[in-house]
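**Student:** This is the content of query-v3.cif (mmCIF, C-alpha atoms):
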data_model
loop_
_atom_site.label_atom_id
_atom_site.label_comp_id
_atom_site.auth_asym_id
_atom_site.auth_seq_id
_atom_site.Cartn_x
_atom_site.Cartn_y
_atom_site.Cartn_z
CA MET A 1387 -7.10 24.14 25.22
CA ILE A 1388 -7.27 21.15 22.91
CA SER A 1389 -6.60 17.80 24.56
CA ALA A 1390 -3.87 15.31 23.67
CA GLU A 1391 -6.26 12.57 22.49
CA THR A 1392 -8.00 14.95 20.08
CA LEU A 1393 -4.65 15.98 18.59
CA ILE A 1394 -3.56 12.36 18.13
CA TYR A 1395 -6.89 11.55 16.44
CA LEU A 1396 -6.40 14.61 14.20
CA PHE A 1397 -2.99 13.27 13.16
CA MET A 1398 -4.59 9.88 12.43
CA ALA A 1399 -7.32 11.51 10.34
CA LEU A 1400 -4.75 13.53 8.40
CA ALA A 1401 -2.66 10.41 7.74
CA GLY A 1402 -5.73 8.51 6.52
CA ILE A 1403 -6.91 11.33 4.24
CA GLY A 1404 -3.40 11.91 2.87
CA SER A 1405 -2.82 8.24 2.10
CA THR A 1406 -6.22 7.97 0.39
CA VAL A 1407 -5.56 11.04 -1.79
CA SER A 1408 -2.12 9.78 -2.79
CA VAL A 1409 -3.49 6.32 -3.65
CA TYR A 1410 -6.10 7.97 -5.91
CA TYR A 1411 -3.40 9.95 -7.73
CA ALA A 1412 -1.17 6.86 -7.96
CA VAL A 1413 -3.98 4.97 -9.71
CA ILE A 1414 -4.92 7.65 -12.27
CA GLU A 1415 -1.36 8.86 -13.00
CA LYS A 1416 -0.01 8.01 -16.48
CA ASP A 1417 3.65 8.81 -15.70
CA LEU A 1418 4.83 5.72 -13.84
CA ILE A 1419 7.68 7.44 -11.95
CA LYS A 1420 5.16 9.90 -10.48
CA ALA A 1421 2.95 6.93 -9.54
CA VAL A 1422 5.89 5.43 -7.60
CA ILE A 1423 6.34 8.76 -5.78
CA TYR A 1424 2.63 8.84 -4.84
CA SER A 1425 2.96 5.27 -3.57
CA ALA A 1426 5.91 6.38 -1.40
CA ILE A 1427 3.77 9.18 0.08
CA GLN A 1428 1.12 6.60 0.94
CA SER A 1429 3.74 4.37 2.60
CA THR A 1430 5.03 7.26 4.70
CA PHE A 1431 1.54 8.10 5.94
CA TYR A 1432 0.86 4.45 6.74
CA ALA A 1433 4.06 4.40 8.82
CA LEU A 1434 2.79 7.41 10.79
CA LEU A 1435 -0.58 5.67 11.21
CA TYR A 1436 1.03 2.47 12.56
CA PHE A 1437 3.16 4.60 14.90
CA LEU A 1438 0.15 6.46 16.28
CA LEU A 1439 -1.65 3.14 16.80
CA MET A 1440 1.25 2.21 19.13
CA ALA A 1441 2.79 -0.50 16.95
CA PRO A 1442 6.46 0.52 16.58
CA ASP A 1443 7.51 -3.04 15.71
CA ILE A 1444 5.21 -2.98 12.67
CA VAL A 1445 6.73 0.37 11.67
CA LEU A 1446 10.24 -1.06 11.91
CA VAL A 1447 9.34 -3.88 9.51
CA TYR A 1448 7.02 -1.86 7.24
CA LEU A 1449 9.44 1.00 6.52
CA PRO A 1450 12.29 -0.88 4.77
CA VAL A 1451 9.81 -2.87 2.70
CA ALA A 1452 7.37 -0.12 1.72
CA VAL A 1453 9.71 2.87 1.42
CA GLY A 1454 12.95 1.13 0.46
CA LEU A 1455 12.26 -2.14 -1.33
CA ILE A 1456 9.03 -1.62 -3.29
CA PRO A 1457 9.98 1.72 -5.01
CA GLY A 1458 13.43 0.29 -5.82
CA VAL A 1459 11.99 -2.82 -7.46
CA LEU A 1460 9.31 -0.79 -9.27
CA ILE A 1461 11.83 1.72 -10.68
CA LEU A 1462 14.06 -1.18 -11.73
CA LEU A 1463 11.03 -2.60 -13.55
CA ILE A 1464 10.11 0.75 -15.16
CA SER A 1465 13.68 1.19 -16.40
CA LYS A 1466 13.29 -2.03 -18.39
CA THR A 1467 10.04 -0.90 -20.03
CA GLU A 1468 8.47 2.41 -21.07
CA ARG A 1469 7.99 5.26 -18.65
CA VAL A 1470 4.59 6.56 -19.79
CA GLU A 1471 1.56 4.32 -19.71
CA GLN A 1472 -0.18 3.93 -23.09
CA ASP A 1473 -3.89 4.33 -23.74
CA GLU A 1474 -5.83 1.16 -24.46
CA GLU A 1475 -7.03 2.45 -27.86
CA SER A 1476 -3.54 3.12 -29.21
CA VAL A 1477 -2.13 -0.26 -28.22
CA MET B 905 0.96 17.11 33.10
CA ASP B 906 4.33 18.76 33.51
CA LEU B 907 6.01 21.55 31.59
CA VAL B 908 7.50 19.36 28.84
CA GLN B 909 4.18 17.78 27.92
CA THR B 910 2.39 21.12 27.96
CA THR B 911 5.00 22.66 25.66
CA ILE B 912 4.79 19.69 23.26
CA LEU B 913 0.99 19.97 23.25
CA ILE B 914 1.22 23.63 22.28
CA PHE B 915 3.59 22.97 19.37
CA LEU B 916 1.86 19.86 17.93
CA PRO B 917 -0.67 21.88 15.80
CA LEU B 918 2.28 23.47 13.99
CA PHE B 919 3.38 19.99 12.90
CA LEU B 920 -0.19 19.29 11.77
CA THR B 921 -0.22 22.44 9.63
CA SER B 922 3.19 21.74 8.12
CA ILE B 923 2.19 18.17 7.19
CA VAL B 924 -0.88 19.53 5.36
CA LEU B 925 1.27 22.06 3.45
CA TYR B 926 3.88 19.41 2.54
CA LEU B 927 1.11 17.06 1.36
CA ILE B 928 -0.37 19.77 -0.90
CA ARG B 929 3.03 20.42 -2.48
CA ALA B 930 3.81 16.71 -2.81
CA VAL B 931 0.54 16.07 -4.64
CA LYS B 932 0.41 19.23 -6.79
CA GLY B 933 4.14 19.67 -7.49
CA PRO B 934 4.61 20.51 -11.20
CA THR B 935 7.89 18.60 -11.64
CA ILE B 936 9.25 15.39 -10.14
CA GLY B 937 11.96 17.34 -8.27
CA ASP B 938 9.35 19.37 -6.41
CA GLN B 939 7.52 16.21 -5.37
CA ILE B 940 10.71 14.49 -4.21
CA LEU B 941 11.78 17.56 -2.22
CA ALA B 942 8.31 17.81 -0.66
CA ILE B 943 8.24 14.15 0.39
CA ASP B 944 11.79 14.50 1.78
CA SER B 945 10.80 17.50 3.89
CA LEU B 946 7.61 15.71 4.95
CA THR B 947 9.55 12.68 6.08
CA TYR B 948 12.20 14.58 8.04
CA ASP B 949 9.38 16.54 9.68
CA LEU B 950 7.68 13.24 10.50
CA ALA B 951 10.93 11.85 11.98
CA ALA B 952 11.16 14.84 14.32
CA LEU B 953 7.48 14.38 15.16
CA LEU B 954 8.02 10.71 16.03
CA VAL B 955 10.83 11.62 18.44
CA ILE B 956 8.70 14.34 20.03
CA LEU B 957 5.73 11.98 20.41
CA GLY B 958 8.00 9.39 22.01
CA LEU B 959 9.03 12.07 24.47
CA PHE B 960 5.38 13.00 25.02
CA PHE B 961 4.22 9.44 25.72
CA ARG B 962 7.36 8.72 27.80
CA GLU B 963 8.11 5.50 25.90
CA PRO B 964 11.70 5.28 24.62
CA ILE B 965 10.96 2.37 22.26
CA LEU B 966 8.94 4.73 20.05
CA ILE B 967 12.00 6.86 19.28
CA VAL B 968 13.78 3.99 17.50
CA THR B 969 11.32 4.14 14.58
CA ALA B 970 12.48 7.63 13.54
CA ILE B 971 15.93 6.33 12.51
CA PRO B 972 14.87 3.90 9.71
CA LEU B 973 12.28 6.43 8.50
CA ALA B 974 14.97 9.07 7.93
CA LEU B 975 17.33 6.44 6.55
CA TRP B 976 15.10 4.72 4.00
CA ILE B 977 13.49 7.82 2.52
CA TYR B 978 16.99 8.80 1.46
CA SER B 979 17.17 5.67 -0.69
CA LEU B 980 14.10 6.88 -2.62
CA ASP B 981 16.07 10.02 -3.60
CA ILE B 982 18.92 7.88 -4.85
CA TYR B 983 16.59 5.66 -6.89
CA ILE B 984 14.80 8.61 -8.55
CA ALA B 985 18.04 10.54 -9.16
CA LYS B 986 19.69 7.48 -10.68
CA TYR B 987 16.72 6.87 -12.95
CA LEU B 988 16.45 10.50 -14.09
CA GLU B 989 20.19 10.72 -14.73
CA LYS B 990 20.80 7.53 -16.70
CA ARG B 991 17.28 6.23 -17.47
CA GLU B 992 18.30 2.96 -15.86
CA MET B 993 18.78 1.29 -12.51
CA GLY B 994 21.54 -1.02 -11.45
CA GLU B 995 24.26 -2.33 -13.77
#
Could you render the structure from this file as structure tokens?

**Tutor:**
Amino acid sequence: MISAETLIYLFMALAGIGSTVSVYYAVIEKDLIKAVIYSAIQSTFYALLYFLLMAPDIVLVYLPVAVGLIPGVLILLISKTERVEQDEESV
Amino acid sequence: MDLVQTTILIFLPLFLTSIVLYLIRAVKGPTIGDQILAIDSLTYDLAALLVILGLFFREPILIVTAIPLALWIYSLDIYIAKYLEKREMGE
């Protein structure tokens, strides 16, 4: 039977891989709303990572900022400009 | 290791599998609604996982972090829904 430490390290590896994949998609995405959603996925996985590293106080501070405040401010910013990012040649 | 910890250890790989499936749908999702629904399900699953891990480690302070996680991911739904409905935020 698999031990508890191995399972916790598996969760950490999954959180790291998932956050890296979502950061990659957030960088290359042209639709800015989708980029905000990918950034929220990354924030959620970072919260799980901080929790598994036994820092619940960091999680309590990180969650309202990274999941609540940053997407709200970014969507407020996107609503003032255009939603789809332009190519450099057409600008 | 008593009965509770053994039972939690048996059911933790199911959480691991479900997080992988939610991540695939959150990254691939054809529309924004699919991605938002996937990240919602992922986060509620993670909140349950945080409570179960707090029970597993026998540290009650870890359980507190599940409440803001489930609370603040709901604000992301409101932001995205408000933007998609009116193309604006605030006002």

**Student:** In terms of the shortest atom-to-atom distance over only C-alpha atoms, which of A:Ala1421, A:Met1398, A:Val1445, A:Leu1439 is closest to chain B?

**Tutor:**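 For chain B, the nearest of the candidates is A:Val1445.
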
**Student:** Using only C-alpha atoms for the distances, tell me which of A:Lys1420, A:Gly1402, A:Ser1429, A:Glu1471 is nearest to chain B.

**Tutor:**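 Counting only C-alpha atoms, the residue closest to chain B is A:Lys1420.
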
**Student:** Just checking: using all atoms listed in the file, which residue out of B:Thr935, B:Ile977, B:Asp944, B:Ile912 ends up closest to Leu957 of chain B?

**Tutor:** B:Ile912

**Student:** Take the PyMOL selection byres ((chain A) within 9 of (chain B)), apply it to the structure above, and return the hits as number ranges by chain.

**Tutor:** A: 1387-1390, 1393, 1396-1397, 1400, 1404, 1407-1408, 1411, 1419-1420, 1423-1424, 1426-1427, 1430, 1433-1434, 1437-1438, 1440-1443, 1445-1446, 1449-1450, 1453-1454, 1457-1458, 1461-1466

**Student:** Translate the PyMOL selection byres ((chain A and resi 1417) around 10), as applied to the file shown, into an explicit residue set as a list in words.

**Tutor:**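 Evaluating the PyMOL selection byres ((chain A and resi 1417) around 10) on this file yields Ala1412, Ile1414, Glu1415, Lys1416, Leu1418, Ile1419, Lys1420, Ala1421, Val1422, Glu1468, Arg1469, Val1470, Glu1471 and Gln1472 of chain A.
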
**Student:** In Å, with one decimal, what is the gap from atom CA of Thr1406 of chain A to atom CA of Gln1428 of chain A?

**Tutor:** 7.5 Å

**Student:** So what do you get for atom CA of Phe1431 of chain A versus atom CA of Thr921 of chain B, distance-wise?

**Tutor:**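 The value is 14.9 Å.
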
**Student:** Taking every listed atom of segment 969-976 of chain B and adding 3 Å to each side, what centre and edge lengths in Å (one decimal) does the axis-aligned box have, as AutoDock Vina command-line options?

**Tutor:**
--center_x 14.3 --center_y 6.5 --center_z 9.3 --size_x 12.0 --size_y 11.2 --size_z 16.6

**Student:** To one decimal place in Å, what is the distance between atom CA of Tyr1448 of chain A and atom CA of Pro964 of chain B?

**Tutor:**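 Separating atom CA of Tyr1448 of chain A from atom CA of Pro964 of chain B is a distance of 19.4 Å.
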
**Student:** Taking all atoms listed in the file into account, name the residue in B:Phe915, B:Ser945, B:Ala952, B:Arg962 that is nearest to Arg929 of chain B.

**Tutor:**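 That would be B:Ser945, the residue with the smallest distance to Arg929 of chain B.
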